[in-house]
$ cat coords.cif   # mmCIF, C-alpha atoms
data_work
#
loop_
_atom_site.group_PDB
_atom_site.id
_atom_site.type_symbol
_atom_site.label_atom_id
_atom_site.label_comp_id
_atom_site.auth_asym_id
_atom_site.auth_seq_id
_atom_site.Cartn_x
_atom_site.Cartn_y
_atom_site.Cartn_z
ATOM 1 C CA MET A 17 105.574 67.503 170.644
ATOM 2 C CA VAL A 18 105.668 70.001 167.799
ATOM 3 C CA ILE A 19 107.352 73.373 168.281
ATOM 4 C CA SER A 20 106.931 75.984 165.583
ATOM 5 C CA SER A 21 107.558 79.685 165.211
ATOM 6 C CA TYR A 22 105.704 82.268 163.165
ATOM 7 C CA VAL A 23 106.019 85.879 162.131
ATOM 8 C CA ILE A 24 102.594 87.462 162.020
ATOM 9 C CA ASP A 25 102.038 90.693 160.109
ATOM 10 C CA THR A 26 99.106 92.748 161.354
ATOM 11 C CA ILE A 27 97.278 95.891 160.429
ATOM 12 C CA PRO A 28 99.196 98.457 162.520
ATOM 13 C CA GLU A 29 96.093 99.656 164.395
ATOM 14 C CA LYS A 30 95.168 96.066 165.308
ATOM 15 C CA CYS A 31 98.581 94.843 166.468
ATOM 16 C CA GLU A 32 97.983 95.232 170.207
ATOM 17 C CA GLU A 33 94.539 93.651 169.972
ATOM 18 C CA VAL A 34 95.894 90.677 168.005
ATOM 19 C CA SER A 35 98.786 90.151 170.423
ATOM 20 C CA SER A 36 96.451 90.179 173.429
ATOM 21 C CA ILE A 37 94.273 87.500 171.819
ATOM 22 C CA LEU A 38 97.194 85.314 170.732
ATOM 23 C CA VAL A 39 98.554 84.898 174.241
ATOM 24 C CA THR A 40 95.235 83.410 175.361
ATOM 25 C CA TYR A 41 95.642 80.444 172.997
ATOM 26 C CA PRO A 42 97.019 77.320 174.672
ATOM 27 C CA GLY A 43 100.657 76.707 173.775
ATOM 28 C CA VAL A 44 101.163 80.131 172.172
ATOM 29 C CA GLU A 45 103.875 82.479 173.423
ATOM 30 C CA LEU A 46 104.614 85.991 172.188
ATOM 31 C CA HIS A 47 108.388 86.562 171.961
ATOM 32 C CA GLY A 48 108.650 89.949 170.331
ATOM 33 C CA GLN A 49 107.090 92.766 168.419
ATOM 34 C CA GLU A 50 108.546 95.123 165.845
ATOM 35 C CA LYS A 51 106.091 97.699 164.578
ATOM 36 C CA ASN A 52 103.161 95.613 163.264
ATOM 37 C CA ARG A 53 105.052 92.275 163.279
ATOM 38 C CA LEU A 54 104.680 89.705 166.024
ATOM 39 C CA ILE A 55 107.020 86.778 166.692
ATOM 40 C CA VAL A 56 105.247 83.828 168.289
ATOM 41 C CA THR A 57 105.801 80.158 168.991
ATOM 42 C CA ILE A 58 103.325 77.321 169.271
ATOM 43 C CA GLU A 59 104.001 74.225 171.357
ATOM 44 C CA ALA A 60 101.469 71.498 170.639
ATOM 45 C CA ASP A 61 101.137 67.736 170.994
ATOM 46 C CA SER A 62 100.652 67.062 167.273
ATOM 47 C CA VAL A 63 100.901 68.541 163.805
ATOM 48 C CA ASP A 64 97.102 68.595 163.612
ATOM 49 C CA GLU A 65 96.819 70.610 166.831
ATOM 50 C CA THR A 66 99.473 73.046 165.564
ATOM 51 C CA TYR A 67 97.565 73.460 162.312
ATOM 52 C CA VAL A 68 94.323 74.265 164.168
ATOM 53 C CA ILE A 69 96.022 76.936 166.299
ATOM 54 C CA ALA A 70 97.896 78.451 163.322
ATOM 55 C CA THR A 71 94.651 78.625 161.342
ATOM 56 C CA LYS A 72 92.919 80.416 164.221
ATOM 57 C CA MET A 73 95.798 82.909 164.321
ATOM 58 C CA ALA A 74 95.605 83.528 160.569
ATOM 59 C CA LEU A 75 91.851 84.186 160.711
ATOM 60 C CA LEU A 76 92.013 86.817 163.457
ATOM 61 C CA ASP A 77 90.678 90.233 162.524
ATOM 62 C CA GLY A 78 93.708 92.381 161.772
ATOM 63 C CA VAL A 79 96.102 89.619 160.684
ATOM 64 C CA LEU A 80 97.524 90.140 157.198
ATOM 65 C CA ASN A 81 99.980 87.215 157.024
ATOM 66 C CA ASN A 82 100.897 84.257 159.198
ATOM 67 C CA ASN A 83 104.318 82.981 158.116
ATOM 68 C CA LEU A 84 105.764 79.696 159.378
ATOM 69 C CA ILE A 85 109.469 80.233 160.054
ATOM 70 C CA TYR A 86 110.544 77.081 161.878
ATOM 71 C CA CYS A 87 109.034 73.754 162.852
ATOM 72 C CA ASN A 88 110.515 70.960 164.975
ATOM 73 C CA PHE A 89 108.855 67.579 165.404
ATOM 74 C CA GLU A 90 109.708 65.726 168.599
ATOM 75 C CA ASP A 91 108.214 62.260 169.013
ATOM 76 C CA GLU A 92 105.756 62.886 166.183
ATOM 77 C CA THR A 93 105.029 59.844 164.053
ATOM 78 C CA LEU A 94 105.186 60.905 160.425
ATOM 79 C CA CYS A 95 104.597 57.476 158.870
ATOM 80 C CA ASP A 96 103.254 54.171 160.064
#

$ encode --input "coords.cif" --output "structure tokens"
Amino acid sequence: MVISSYVIDTIPEKCEEVSSILVTYPGVELHGQEKNRLIVTIEADSVDETYVIATKMALLDGVLNNNLIYCNFEDETLCD
């Protein structure tokens, strides 16, 4: 399992819309909001799955930045 956290900067007028979309993504939890910044985590089975979700978040209308803050790999094979 891969657990990662992000700070997402949004256009102020789009913050509520972005947050309501984010919580519909599997494995995504919204933990806080300060003005137009959202704090979210992703729990996924693999790095690839995390990357797909993070990319979807970054491409949402109203998202200015998607910043990875922390990432923890549990049981993820990094090398063969």

$ resolve_selection --input "coords.cif" --expression "the PyMOL selection byres ((chain A and resi 58) around 9)" --output "NGL selection string"
:A and (18-22 or 42-45 or 56-57 or 59-60 or 66 or 69-70)

$ resolve_selection --input "coords.cif" --expression "the PyMOL selection byres ((chain A and resi 83) around 12)" --output "compact mmCIF listing (two decimals) with C-alpha atoms, keeping the file's coordinate frame"
# COMPACT_ATOMS: atom_id res chain seq x y z
CA SER A 20 106.93 75.98 165.58
CA SER A 21 107.56 79.68 165.21
CA TYR A 22 105.70 82.27 163.16
CA VAL A 23 106.02 85.88 162.13
CA ILE A 24 102.59 87.46 162.02
CA ASP A 25 102.04 90.69 160.11
CA THR A 26 99.11 92.75 161.35
CA ARG A 53 105.05 92.28 163.28
CA LEU A 54 104.68 89.70 166.02
CA ILE A 55 107.02 86.78 166.69
CA VAL A 56 105.25 83.83 168.29
CA THR A 57 105.80 80.16 168.99
CA ALA A 70 97.90 78.45 163.32
CA THR A 71 94.65 78.62 161.34
CA MET A 73 95.80 82.91 164.32
CA ALA A 74 95.60 83.53 160.57
CA VAL A 79 96.10 89.62 160.68
CA LEU A 80 97.52 90.14 157.20
CA ASN A 81 99.98 87.22 157.02
CA ASN A 82 100.90 84.26 159.20
CA LEU A 84 105.76 79.70 159.38
CA ILE A 85 109.47 80.23 160.05
CA TYR A 86 110.54 77.08 161.88
CA CYS A 87 109.03 73.75 162.85

$ closest_residue --input "coords.cif" --among "A:Glu50, A:Glu90, A:Asp77, A:Glu32" --to "Ser62 in chain A" --atoms "all atoms listed in the file"
A:Glu90

$ atom_distance --input "coords.cif" --atom1 "CA of Glu33 in chain A" --atom2 "CA of Met17 in chain A"
28.4 Å

$ atom_distance --input "coords.cif" --atom1 "CA of Ile27 in chain A" --atom2 "CA of Gly78 in chain A"
5.2 Å

$ atom_distance --input "coords.cif" --atom1 "CA of Tyr67 in chain A" --atom2 "CA of Tyr41 in chain A"
12.9 Å

$ axis_aligned_box --input "coords.cif" --around "range 55-71 of chain A" --padding-each-side "8 Å" --output "AutoDock Vina command-line options"
--center_x 100.7 --center_y 76.9 --center_z 166.3 --size_x 28.7 --size_y 35.7 --size_z 26.0

$ closest_residue --input "coords.cif" --among "A:Ile37, A:Asp61, A:Gly48, A:Glu29" --to "Leu75 in chain A" --atoms "only C-alpha atoms"
A:Ile37

$ closest_residue --input "coords.cif" --among "A:Leu46, A:Cys31, A:Val39, A:Val63" --to "Phe89 in chain A" --atoms "only C-alpha atoms"
A:Val63
